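What follows is the content of model23.pdb, which has PDB, C-alpha atoms:
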```
ATOM      1  CA  MET A  14      11.041  -1.822  44.048
ATOM      2  CA  SER A  15      11.358  -3.013  40.452
ATOM      3  CA  ASN A  16       9.996  -6.260  39.032
ATOM      4  CA  ALA A  17      12.337  -9.189  38.477
ATOM      5  CA  LYS A  18      13.105  -9.821  34.845
ATOM      6  CA  LEU A  19      14.622 -12.454  32.578
ATOM      7  CA  VAL A  20      16.856 -11.415  29.681
ATOM      8  CA  VAL A  21      17.861 -13.999  27.034
ATOM      9  CA  LYS A  22      20.408 -13.286  24.325
ATOM     10  CA  LYS A  23      21.546 -15.106  21.196
ATOM     11  CA  PRO A  24      25.096 -16.516  20.891
ATOM     12  CA  ASP A  25      26.136 -13.355  19.016
ATOM     13  CA  GLY A  26      25.034 -11.207  21.975
ATOM     14  CA  SER A  27      21.908  -9.764  20.329
ATOM     15  CA  LEU A  28      18.715  -9.661  22.383
ATOM     16  CA  LEU A  29      16.237 -12.522  21.990
ATOM     17  CA  TYR A  30      13.718 -11.372  24.601
ATOM     18  CA  ASP A  31      13.500  -9.266  27.743
ATOM     19  CA  THR A  32      10.540  -9.992  30.023
ATOM     20  CA  SER A  33      10.561  -6.403  31.312
ATOM     21  CA  ASN A  34       9.371  -5.285  27.852
ATOM     22  CA  ILE A  35       5.983  -5.845  26.248
ATOM     23  CA  SER A  36       5.946  -9.229  24.482
ATOM     24  CA  TYR A  37       3.753 -10.074  21.493
ATOM     25  CA  GLY A  38       2.985 -13.618  20.376
ATOM     26  CA  LEU A  39       1.436 -15.109  17.252
ATOM     27  CA  VAL A  40      -2.288 -15.776  17.698
ATOM     28  CA  LYS A  41      -3.451 -16.490  14.137
ATOM     29  CA  SER A  42      -2.167 -16.777  10.572
ATOM     30  CA  GLY A  43      -3.722 -17.671   7.247
ATOM     31  CA  PHE A  44      -4.985 -16.263   3.953
ATOM     32  CA  LEU A  45      -7.323 -13.275   3.843
ATOM     33  CA  ALA A  46     -10.871 -14.182   2.784
ATOM     34  CA  PHE A  47     -13.329 -12.112   0.738
ATOM     35  CA  ASN A  48     -15.650 -10.194   3.049
ATOM     36  CA  SER A  49     -17.722  -7.652   1.078
ATOM     37  CA  ASN A  50     -17.755  -5.020  -1.657
ATOM     38  CA  TRP A  51     -17.918  -1.394  -0.556
ATOM     39  CA  ARG A  52     -19.570   1.062  -2.948
ATOM     40  CA  ARG A  53     -17.961   4.439  -3.602
ATOM     41  CA  TRP A  54     -19.556   7.840  -3.005
ATOM     42  CA  VAL A  55     -20.466  10.106  -5.944
ATOM     43  CA  LEU A  56     -21.971  13.606  -6.063
ATOM     44  CA  ARG A  57     -25.765  13.874  -6.224
ATOM     45  CA  GLY A  58     -25.601  16.517  -8.953
ATOM     46  CA  ILE A  59     -23.381  19.018 -10.723
ATOM     47  CA  ASN A  60     -24.446  22.044  -8.670
ATOM     48  CA  VAL A  61     -24.016  20.700  -5.140
ATOM     49  CA  ASP A  62     -21.319  21.681  -2.648
ATOM     50  CA  PRO A  63     -18.758  18.839  -2.490
ATOM     51  CA  ASN A  64     -17.706  20.001   0.986
ATOM     52  CA  LEU A  65     -21.066  18.912   2.442
ATOM     53  CA  ALA A  66     -21.622  15.262   3.362
ATOM     54  CA  SER A  67     -25.245  15.547   2.222
ATOM     55  CA  SER A  68     -24.017  16.228  -1.340
ATOM     56  CA  TRP A  69     -22.770  12.661  -1.734
ATOM     57  CA  GLN A  70     -24.654   9.438  -2.390
ATOM     58  CA  GLU A  71     -23.683   5.800  -2.758
ATOM     59  CA  SER A  72     -22.764   4.767  -6.277
ATOM     60  CA  GLY A  73     -24.987   2.193  -7.953
ATOM     61  CA  LEU A  74     -21.927   0.427  -9.356
ATOM     62  CA  PRO A  75     -19.793  -2.189  -7.584
ATOM     63  CA  GLY A  76     -16.988  -0.599  -5.590
ATOM     64  CA  ASP A  77     -13.878  -1.991  -3.912
ATOM     65  CA  ASP A  78     -13.569  -5.543  -2.581
ATOM     66  CA  GLN A  79     -12.683  -6.000   1.087
ATOM     67  CA  PHE A  80     -10.759  -9.009   2.386
ATOM     68  CA  GLY A  81     -10.163  -9.887   6.008
ATOM     69  CA  PHE A  82      -9.966 -12.302   8.918
ATOM     70  CA  THR A  83     -11.650 -12.606  12.322
ATOM     71  CA  ILE A  84     -10.197 -13.181  15.789
ATOM     72  CA  GLU A  85     -11.865 -13.607  19.175
ATOM     73  CA  SER A  86     -11.253 -11.190  22.063
ATOM     74  CA  PRO A  87      -8.177  -9.364  20.722
ATOM     75  CA  GLN A  88      -6.253  -7.102  23.093
ATOM     76  CA  SER A  89      -3.935  -4.946  20.964
ATOM     77  CA  PRO A  90      -3.222  -6.876  17.749
ATOM     78  CA  ILE A  91      -0.516  -6.132  15.193
ATOM     79  CA  VAL A  92      -1.037  -7.642  11.721
ATOM     80  CA  PHE A  93       1.789  -8.316   9.261
ATOM     81  CA  LEU A  94       0.970  -9.008   5.603
ATOM     82  CA  VAL A  95       2.643 -10.975   2.844
ATOM     83  CA  GLY A  96       1.004  -9.676  -0.314
ATOM     84  CA  ARG A  97      -1.004  -6.531  -0.943
ATOM     85  CA  GLY A  98      -3.477  -5.054   1.505
ATOM     86  CA  THR A  99      -4.208  -1.644   2.984
ATOM     87  CA  ALA A 100      -6.184  -1.495   6.239
ATOM     88  CA  THR A 101      -9.682  -0.037   5.869
ATOM     89  CA  GLY A 102     -11.450  -0.792   9.140
ATOM     90  CA  VAL A 103     -12.541  -3.221  11.841
ATOM     91  CA  GLY A 104     -15.928  -4.925  12.128
ATOM     92  CA  VAL A 105     -17.160  -5.851  15.612
ATOM     93  CA  SER A 106     -19.590  -8.642  16.487
ATOM     94  CA  GLY A 107     -19.732  -9.415  20.188
ATOM     95  CA  SER A 108     -16.214 -10.323  21.326
ATOM     96  CA  ALA A 109     -15.038 -11.006  17.750
ATOM     97  CA  LYS A 110     -13.326  -8.442  15.534
ATOM     98  CA  THR A 111     -12.860  -8.657  11.770
ATOM     99  CA  TYR A 112      -9.890  -6.797  10.296
ATOM    100  CA  LEU A 113     -10.513  -5.596   6.739
ATOM    101  CA  TYR A 114      -8.132  -4.758   3.895
ATOM    102  CA  ALA A 115      -8.606  -3.263   0.432
ATOM    103  CA  GLY A 116      -6.321  -3.742  -2.547
ATOM    104  CA  ALA A 117      -5.871  -7.326  -1.357
ATOM    105  CA  SER A 118      -6.778 -10.797  -2.595
ATOM    106  CA  ALA A 119      -7.331 -14.325  -1.341
ATOM    107  CA  ALA A 120      -3.592 -14.894  -1.960
ATOM    108  CA  THR A 121      -2.597 -12.314   0.693
ATOM    109  CA  LYS A 122      -1.218 -13.951   3.847
ATOM    110  CA  TYR A 123      -1.547 -12.466   7.336
ATOM    111  CA  TYR A 124       0.299 -13.060  10.602
ATOM    112  CA  CYS A 125      -1.569 -11.614  13.599
ATOM    113  CA  PHE A 126       0.323 -11.036  16.853
ATOM    114  CA  ASP A 127      -1.187  -9.900  20.146
ATOM    115  CA  LEU A 128      -0.086  -9.288  23.712
ATOM    116  CA  MET A 129       0.992 -12.567  25.265
ATOM    117  CA  ARG A 130      -1.548 -14.054  27.651
ATOM    118  CA  ASN A 131      -2.076 -17.095  29.833
ATOM    119  CA  ASP A 132      -3.228 -20.362  28.299
ATOM    120  CA  SER A 133      -3.961 -23.929  29.346
ATOM    121  CA  LEU A 134      -1.774 -25.781  26.839
ATOM    122  CA  PRO A 135      -0.260 -28.915  28.469
ATOM    123  CA  SER A 136       3.216 -28.601  26.916
ATOM    124  CA  PRO A 137       6.245 -27.425  28.957
ATOM    125  CA  TRP A 138       6.394 -23.644  29.186
ATOM    126  CA  LEU A 139       8.041 -20.636  30.692
ATOM    127  CA  LYS A 140       5.755 -17.828  31.822
ATOM    128  CA  THR A 141       6.671 -14.545  33.451
ATOM    129  CA  ARG A 142       4.304 -12.113  35.181
ATOM    130  CA  LEU A 143       4.336  -8.599  36.538
ATOM    131  CA  GLN A 144       4.923  -8.779  40.294
ATOM    132  CA  ILE A 145       2.117  -6.408  41.271
ATOM    133  CA  SER A 146      -0.705  -7.133  38.788
ATOM    134  CA  GLY A 147       0.151 -10.716  37.877
ATOM    135  CA  GLN A 148      -0.236  -9.879  34.154
ATOM    136  CA  ILE A 149       1.545 -12.241  31.767
ATOM    137  CA  THR A 150       4.589 -10.591  30.164
ATOM    138  CA  PHE A 151       6.042 -13.636  28.396
ATOM    139  CA  ASN A 152       4.694 -17.074  27.464
ATOM    140  CA  SER A 153       7.022 -19.543  25.754
ATOM    141  CA  ASN A 154       3.995 -21.419  24.340
ATOM    142  CA  GLN A 155       3.565 -18.567  21.832
ATOM    143  CA  ASN A 156       5.775 -17.762  18.867
ATOM    144  CA  PRO A 157       7.246 -14.334  19.718
ATOM    145  CA  MET A 158       7.131 -11.362  17.356
ATOM    146  CA  ASN A 159      10.668 -10.582  16.230
ATOM    147  CA  VAL A 160      10.955  -7.313  14.285
ATOM    148  CA  VAL A 161      14.064  -7.410  12.076
ATOM    149  CA  ALA A 162      13.775  -3.955  10.473
ATOM    150  CA  SER A 163      11.899  -0.656  10.446
ATOM    151  CA  ILE A 164      11.801   0.934   6.983
ATOM    152  CA  ARG A 165      10.594   4.463   6.197
ATOM    153  CA  ALA A 166       8.369   5.079   3.197
ATOM    154  CA  PRO A 167      10.320   6.760   0.351
ATOM    155  CA  ASP A 168       9.768  10.345  -0.790
ATOM    156  CA  PRO A 169       7.289  11.081  -3.616
ATOM    157  CA  GLY A 170       8.285  10.564  -7.233
ATOM    158  CA  PRO A 171       8.994  13.315  -9.796
ATOM    159  CA  LEU A 172       6.396  16.028 -10.448
ATOM    160  CA  ASP A 173       4.343  16.279 -13.626
ATOM    161  CA  ARG A 174       3.772  19.544 -15.511
ATOM    162  CA  PHE A 175       1.002  20.453 -13.071
ATOM    163  CA  GLY A 176       3.325  20.169 -10.060
ATOM    164  CA  ARG A 177       1.800  16.929  -8.782
ATOM    165  CA  PRO A 178       3.745  13.675  -8.126
ATOM    166  CA  ALA A 179       3.437  11.264 -11.033
ATOM    167  CA  TYR A 180       4.265   8.406  -8.613
ATOM    168  CA  THR A 181       3.652   8.264  -4.869
ATOM    169  CA  TYR A 182       7.227   7.019  -4.313
ATOM    170  CA  VAL A 183      10.535   7.865  -5.924
ATOM    171  CA  GLY A 184      11.687   4.852  -7.924
ATOM    172  CA  GLY A 185       8.141   3.500  -7.913
ATOM    173  CA  ARG A 186       5.551   2.636 -10.540
ATOM    174  CA  ASN A 187       1.829   2.809 -11.260
ATOM    175  CA  GLU A 188      -0.232  -0.270 -12.108
ATOM    176  CA  ARG A 189      -3.671  -0.434 -13.715
ATOM    177  CA  ILE A 190      -5.729  -2.996 -11.778
ATOM    178  CA  ALA A 191      -9.177  -2.525 -13.341
ATOM    179  CA  PHE A 192     -11.087  -0.225 -15.686
ATOM    180  CA  GLN A 193     -14.401   1.267 -14.659
ATOM    181  CA  SER A 194     -16.374  -0.585 -17.330
ATOM    182  CA  GLN A 195     -14.969  -3.923 -16.157
ATOM    183  CA  SER A 196     -15.295  -3.704 -12.389
ATOM    184  CA  GLY A 197     -17.702  -0.846 -11.719
ATOM    185  CA  SER A 198     -14.838   1.262 -10.349
ATOM    186  CA  ALA A 199     -11.540   2.415 -11.803
ATOM    187  CA  ILE A 200      -8.670   0.960  -9.769
ATOM    188  CA  ALA A 201      -4.971   1.845  -9.954
ATOM    189  CA  HIS A 202      -2.156   1.116  -7.508
ATOM    190  CA  SER A 203       1.034   3.107  -6.985
ATOM    191  CA  LEU A 204       3.867   1.155  -5.374
ATOM    192  CA  VAL A 205       7.588   0.813  -4.783
ATOM    193  CA  ASP A 206       9.694  -2.249  -3.947
ATOM    194  CA  ILE A 207      12.350  -2.236  -1.207
ATOM    195  CA  ASN A 208      14.756  -5.136  -1.667
ATOM    196  CA  LEU A 209      16.167  -7.071   1.292
ATOM    197  CA  ASP A 210      17.696 -10.571   1.387
ATOM    198  CA  ALA A 211      16.921 -12.557  -1.767
ATOM    199  CA  GLY A 212      15.064 -15.815  -1.148
ATOM    200  CA  THR A 213      13.743 -14.769   2.280
ATOM    201  CA  GLU A 214      10.015 -14.162   2.776
ATOM    202  CA  TYR A 215       9.146 -11.053   4.765
ATOM    203  CA  ALA A 216       5.891  -9.702   6.196
ATOM    204  CA  ALA A 217       5.257  -6.015   6.915
ATOM    205  CA  PHE A 218       3.033  -3.900   9.170
ATOM    206  CA  LEU A 219       2.450  -0.178   8.621
ATOM    207  CA  GLN A 220       1.968   1.588  11.959
ATOM    208  CA  TRP A 221      -0.038   4.456  10.452
ATOM    209  CA  SER A 222      -0.840   5.491   6.908
ATOM    210  CA  ARG A 223      -1.469   8.461   4.650
ATOM    211  CA  SER A 224      -4.192   9.106   2.099
ATOM    212  CA  CYS A 225      -4.461  11.291  -0.989
ATOM    213  CA  GLY A 226      -6.333  11.592  -4.274
ATOM    214  CA  ILE A 227      -5.396   9.930  -7.542
ATOM    215  CA  ILE A 228      -6.167  11.680 -10.823
ATOM    216  CA  ASP A 229      -6.788   8.825 -13.230
ATOM    217  CA  ALA A 230      -6.551  10.080 -16.810
ATOM    218  CA  SER A 231      -7.969   6.988 -18.531
ATOM    219  CA  PRO A 232     -10.278   5.130 -16.139
ATOM    220  CA  GLN A 233     -12.584   3.542 -18.730
ATOM    221  CA  ALA A 234     -11.766   0.809 -21.196
ATOM    222  CA  GLY A 235     -14.042   2.336 -23.835
ATOM    223  CA  GLY A 236     -12.911   5.941 -23.324
ATOM    224  CA  GLY A 237     -14.394   8.578 -21.060
ATOM    225  CA  GLY A 238     -13.147  11.482 -19.004
ATOM    226  CA  PRO A 239     -10.633  11.515 -16.167
ATOM    227  CA  LEU A 240     -11.664  10.658 -12.606
ATOM    228  CA  VAL A 241     -10.353  11.605  -9.181
ATOM    229  CA  TYR A 242     -10.801   9.183  -6.273
ATOM    230  CA  GLY A 243      -9.181   8.447  -2.942
ATOM    231  CA  VAL A 244      -6.297   6.088  -2.209
ATOM    232  CA  THR A 245      -4.710   5.105   1.102
ATOM    233  CA  GLU A 246      -1.307   3.700   2.002
ATOM    234  CA  GLY A 247      -0.269   0.195   2.923
ATOM    235  CA  ALA A 248       2.852  -1.952   3.212
ATOM    236  CA  PHE A 249       3.369  -5.659   2.621
ATOM    237  CA  GLY A 250       6.098  -8.246   2.561
ATOM    238  CA  ARG A 251       7.159 -10.597  -0.211
ATOM    239  CA  VAL A 252      10.026 -12.940  -1.032
ATOM    240  CA  GLY A 253      13.134 -10.776  -1.194
ATOM    241  CA  GLY A 254      11.813  -7.613   0.428
ATOM    242  CA  ILE A 255       8.810  -5.413   1.172
ATOM    243  CA  SER A 256       6.711  -2.931  -0.781
ATOM    244  CA  PHE A 257       4.814   0.266  -0.006
ATOM    245  CA  PHE A 258       1.716   1.069  -2.023
ATOM    246  CA  PHE A 259      -1.402   3.201  -2.344
ATOM    247  CA  ALA A 260      -4.787   1.706  -3.308
ATOM    248  CA  PRO A 261      -8.490   2.703  -3.122
ATOM    249  CA  PRO A 262      -9.701   1.833   0.398
ATOM    250  CA  GLY A 263     -13.425   1.349  -0.194
ATOM    251  CA  ARG A 264     -16.238   3.873   0.439
ATOM    252  CA  THR A 265     -13.979   6.527  -1.060
ATOM    253  CA  THR A 266     -15.382   9.511  -2.947
ATOM    254  CA  GLN A 267     -15.130   9.567  -6.736
ATOM    255  CA  ASP A 268     -15.733  12.462  -9.116
ATOM    256  CA  SER A 269     -14.947  13.628 -12.640
ATOM    257  CA  TRP A 270     -11.807  15.696 -13.245
ATOM    258  CA  PRO A 271     -11.288  18.379 -15.929
ATOM    259  CA  THR A 272      -9.238  17.308 -18.945
ATOM    260  CA  THR A 273      -7.537  20.726 -19.023
ATOM    261  CA  ASN A 274      -5.865  19.907 -15.669
ATOM    262  CA  THR A 275      -4.886  16.332 -16.463
ATOM    263  CA  GLY A 276      -1.588  14.886 -17.615
ATOM    264  CA  VAL A 277      -0.894  11.496 -19.154
ATOM    265  CA  GLY A 278      -1.541   8.450 -16.984
ATOM    266  CA  TYR A 279      -1.787   9.311 -13.285
ATOM    267  CA  SER A 280      -0.911  12.019 -10.802
ATOM    268  CA  TYR A 281      -1.515  12.399  -7.074
ATOM    269  CA  LEU A 282      -3.362  15.171  -5.297
ATOM    270  CA  ASN A 283      -2.621  16.398  -1.748
ATOM    271  CA  LEU A 284      -0.079  13.666  -0.948
ATOM    272  CA  PRO A 285       1.168  14.414   2.626
ATOM    273  CA  THR A 286       4.915  14.979   2.860
ATOM    274  CA  THR A 287       5.388  16.490   6.342
ATOM    275  CA  ARG A 288       5.637  13.038   7.963
ATOM    276  CA  TYR A 289       6.399   9.580   6.597
ATOM    277  CA  PRO A 290       5.316   6.259   8.142
ATOM    278  CA  SER A 291       7.702   3.371   8.734
ATOM    279  CA  ALA A 292       6.917  -0.293   8.159
ATOM    280  CA  LEU A 293       7.867  -2.901  10.757
ATOM    281  CA  VAL A 294       9.290  -6.032   9.128
ATOM    282  CA  ILE A 295       9.484  -9.662  10.248
ATOM    283  CA  LYS A 296      10.723 -12.868   8.652
ATOM    284  CA  THR A 297       8.059 -15.576   8.285
ATOM    285  CA  ALA A 298      10.421 -18.563   8.380
ATOM    286  CA  GLY A 299       9.646 -20.714  11.422
ATOM    287  CA  LEU A 300       6.187 -19.245  12.030
ATOM    288  CA  PRO A 301       3.312 -21.751  11.749
ATOM    289  CA  PHE A 302       0.976 -21.233   8.782
ATOM    290  CA  PRO A 303      -1.956 -21.498   8.852
ATOM    291  CA  PHE A 304      -2.322 -21.181  12.600
ATOM    292  CA  ASN A 305      -5.174 -20.483  15.022
TER
END
```
Encoded form using structure tokens:
Amino acid sequence: MSNAKLVVKKPDGSLLYDTSNISYGLVKSGFLAFNSNWRRWVLRGINVDPNLASSWQESGLPGDDQFGFTIESPQSPIVFLVGRGTATGVGVSGSAKTYLYAGASAATKYYCFDLMRNDSLPSPWLKTRLQISGQITFNSNQNPMNVVASIRAPDPGPLDRFGRPAYTYVGGRNERIAFQSQSGSAIAHSLVDINLDAGTEYAAFLQWSRSCGIIDASPQAGGGGPLVYGVTEGAFGRVGGISFFFAPPGRTTQDSWPTTNTGVGYSYLNLPTTRYPSALVIKTAGLPFPFN
């Protein structure tokens, strides 16, 4: 015997919600807040084996800033961003979890959705439950998650003379964020913009991400040799579309790179191309902000 279900459609016939499917509702929104600075890992010496964890030590210089937000007792959250941020980890303290992002700032907005659950709000509501377990499947008190698009990350950009991508995405660009002498760590981003409806603000969530190395030919403001360090992938929304990007995640390794194997600007090492992630996209219009 199957569970009863309620299906609601828009006037144009498109699906609004189906209580037989998993329903997510907005639980929190706001701006990311600075959390901590994560130092990078550097080799202990020039004659150590870089394949051994014991060969690496924490750098004495400032690393990569982490921004995040905290929610109580999450079940299976999905976080959409407006503005840059690549997920780097989750901190746990009792029943609270803090979701952390690198390459972000205090101007990055987040919209966190989670499985709909029961609540005690006094307003009128419609709630549906599974017949056997009694688990909430839909709660009209919550703003539902409405995914409007799923967009695949583009292929890598053209290769440099060493056979490495000069950009992580075709049609993309590289941006210098900070020099080593200014911030303690060299920081560059590689990104591409995907245009959607002009004037509409979107938020994006990347279901899984890739990582690779960036060969940074000019990491220091006052000169100095090339560096190689790790970057990881993220996706974010903006007014008029979404963007994919790579940025240092924090606690990445960093090492010198030979000038004889370095081009001009940047190139990317071991960028995975066998699978490509897709970003889920929502529109933020009508969603409360900030909200808790």
Given the file shown, determine the residues that the PyMOL selection byres ((chain A and resi 75) around 9) selects; report them as an MDAnalysis selection string. chainID A and resid 50:53 72:74 76:78 196:198
Given the file shown, determine the residues that the PyMOL selection byres ((chain A and resi 56-66) around 10) selects; report them as a list in words.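 In the shown coordinates, the PyMOL selection byres ((chain A and resi 56-66) around 10) covers Trp54, Val55, Ser67, Ser68, Trp69, Gln70, Glu71, Ser72, Thr266, Gln267, Asp268 and Ser269 of chain A.
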Please produce a file of the residues just selected, as a short mmCIF file (atom, residue, chain, number, x, y, z; two decimals), in the coordinates of the input, where the atoms kept are C-alpha atoms.
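See selection05.cif below for the written result:
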```
data_model
loop_
_atom_site.label_atom_id
_atom_site.label_comp_id
_atom_site.auth_asym_id
_atom_site.auth_seq_id
_atom_site.Cartn_x
_atom_site.Cartn_y
_atom_site.Cartn_z
CA TRP A 54 -19.56 7.84 -3.00
CA VAL A 55 -20.47 10.11 -5.94
CA SER A 67 -25.24 15.55 2.22
CA SER A 68 -24.02 16.23 -1.34
CA TRP A 69 -22.77 12.66 -1.73
CA GLN A 70 -24.65 9.44 -2.39
CA GLU A 71 -23.68 5.80 -2.76
CA SER A 72 -22.76 4.77 -6.28
CA THR A 266 -15.38 9.51 -2.95
CA GLN A 267 -15.13 9.57 -6.74
CA ASP A 268 -15.73 12.46 -9.12
CA SER A 269 -14.95 13.63 -12.64
#
```
So how many Å separate CA of Ser108 in chain A and CA of Ile84 in chain A, to one decimal?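 Interatomic distance, CA of Ser108 in chain A to CA of Ile84 in chain A: 8.7 Å.
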Can you list, as number ranges by chain, every protein, DNA or RNA residue that comes within 10 Å of Arg186 in chain A when you count all atoms listed in the file, leaving out same-chain residues fewer than 4 positions away? A: 170, 179-182, 202-206, 258
Test item: the PyMOL selection byres ((chain A and resi 105-107) around 12) resolved as a PyMOL selection string: chain A and resi 82-87+102-104+108-113
Choose the residue, out of A:Leu45, A:Val161, A:Leu128, A:Val95, that has the smallest atom-to-atom separation from Val294 in chain A; count only C-alpha atoms. A:Val161
Quick test: take range 214-232 of chain A, keep N, CA and C atoms, and write it as a PDB file, in the first residue's frame.
```
ATOM      1  N   GLU A 214      18.634  37.944  -9.181  1.00  0.00           N
ATOM      2  CA  GLU A 214      19.694  37.414  -8.312  1.00  0.00           C
ATOM      3  C   GLU A 214      19.519  35.915  -8.150  1.00  0.00           C
ATOM      4  N   TYR A 215      20.607  35.190  -8.353  1.00  0.00           N
ATOM      5  CA  TYR A 215      20.638  33.742  -8.216  1.00  0.00           C
ATOM      6  C   TYR A 215      21.585  33.351  -7.090  1.00  0.00           C
ATOM      7  N   ALA A 216      21.336  32.162  -6.527  1.00  0.00           N
ATOM      8  CA  ALA A 216      22.262  31.539  -5.575  1.00  0.00           C
ATOM      9  C   ALA A 216      22.564  30.142  -6.095  1.00  0.00           C
ATOM     10  N   ALA A 217      23.766  29.638  -5.805  1.00  0.00           N
ATOM     11  CA  ALA A 217      24.196  28.354  -6.365  1.00  0.00           C
ATOM     12  C   ALA A 217      24.767  27.453  -5.281  1.00  0.00           C
ATOM     13  N   PHE A 218      24.617  26.146  -5.506  1.00  0.00           N
ATOM     14  CA  PHE A 218      25.162  25.108  -4.623  1.00  0.00           C
ATOM     15  C   PHE A 218      25.860  24.070  -5.485  1.00  0.00           C
ATOM     16  N   LEU A 219      27.127  23.786  -5.180  1.00  0.00           N
ATOM     17  CA  LEU A 219      27.886  22.782  -5.914  1.00  0.00           C
ATOM     18  C   LEU A 219      27.826  21.474  -5.148  1.00  0.00           C
ATOM     19  N   GLN A 220      27.290  20.426  -5.792  1.00  0.00           N
ATOM     20  CA  GLN A 220      27.027  19.165  -5.096  1.00  0.00           C
ATOM     21  C   GLN A 220      28.306  18.446  -4.697  1.00  0.00           C
ATOM     22  N   TRP A 221      29.337  18.525  -5.508  1.00  0.00           N
ATOM     23  CA  TRP A 221      30.657  18.008  -5.172  1.00  0.00           C
ATOM     24  C   TRP A 221      31.669  18.830  -5.960  1.00  0.00           C
ATOM     25  N   SER A 222      32.920  18.782  -5.562  1.00  0.00           N
ATOM     26  CA  SER A 222      33.896  19.668  -6.181  1.00  0.00           C
ATOM     27  C   SER A 222      35.198  18.946  -6.490  1.00  0.00           C
ATOM     28  N   ARG A 223      35.992  19.570  -7.343  1.00  0.00           N
ATOM     29  CA  ARG A 223      37.303  19.064  -7.711  1.00  0.00           C
ATOM     30  C   ARG A 223      38.397  19.921  -7.069  1.00  0.00           C
ATOM     31  N   SER A 224      39.605  19.399  -7.068  1.00  0.00           N
ATOM     32  CA  SER A 224      40.753  20.170  -6.605  1.00  0.00           C
ATOM     33  C   SER A 224      41.921  19.924  -7.543  1.00  0.00           C
ATOM     34  N   CYS A 225      42.866  20.859  -7.556  1.00  0.00           N
ATOM     35  CA  CYS A 225      44.051  20.731  -8.390  1.00  0.00           C
ATOM     36  C   CYS A 225      45.122  21.659  -7.831  1.00  0.00           C
ATOM     37  N   GLY A 226      46.253  21.740  -8.505  1.00  0.00           N
ATOM     38  CA  GLY A 226      47.306  22.656  -8.104  1.00  0.00           C
ATOM     39  C   GLY A 226      47.352  23.849  -9.039  1.00  0.00           C
ATOM     40  N   ILE A 227      47.707  24.998  -8.505  1.00  0.00           N
ATOM     41  CA  ILE A 227      47.931  26.185  -9.320  1.00  0.00           C
ATOM     42  C   ILE A 227      49.419  26.514  -9.291  1.00  0.00           C
ATOM     43  N   ILE A 228      50.003  26.699 -10.462  1.00  0.00           N
ATOM     44  CA  ILE A 228      51.383  27.153 -10.570  1.00  0.00           C
ATOM     45  C   ILE A 228      51.328  28.659 -10.769  1.00  0.00           C
ATOM     46  N   ASP A 229      51.769  29.368  -9.751  1.00  0.00           N
ATOM     47  CA  ASP A 229      51.657  30.821  -9.676  1.00  0.00           C
ATOM     48  C   ASP A 229      53.032  31.399  -9.992  1.00  0.00           C
ATOM     49  N   ALA A 230      53.153  32.006 -11.184  1.00  0.00           N
ATOM     50  CA  ALA A 230      54.474  32.427 -11.660  1.00  0.00           C
ATOM     51  C   ALA A 230      55.011  33.664 -10.961  1.00  0.00           C
ATOM     52  N   SER A 231      54.144  34.481 -10.383  1.00  0.00           N
ATOM     53  CA  SER A 231      54.620  35.729  -9.761  1.00  0.00           C
ATOM     54  C   SER A 231      53.881  35.970  -8.453  1.00  0.00           C
ATOM     55  N   PRO A 232      54.142  35.142  -7.432  1.00  0.00           N
ATOM     56  CA  PRO A 232      53.347  35.226  -6.206  1.00  0.00           C
ATOM     57  C   PRO A 232      53.751  36.336  -5.252  1.00  0.00           C
TER      58      PRO A 232
END
```
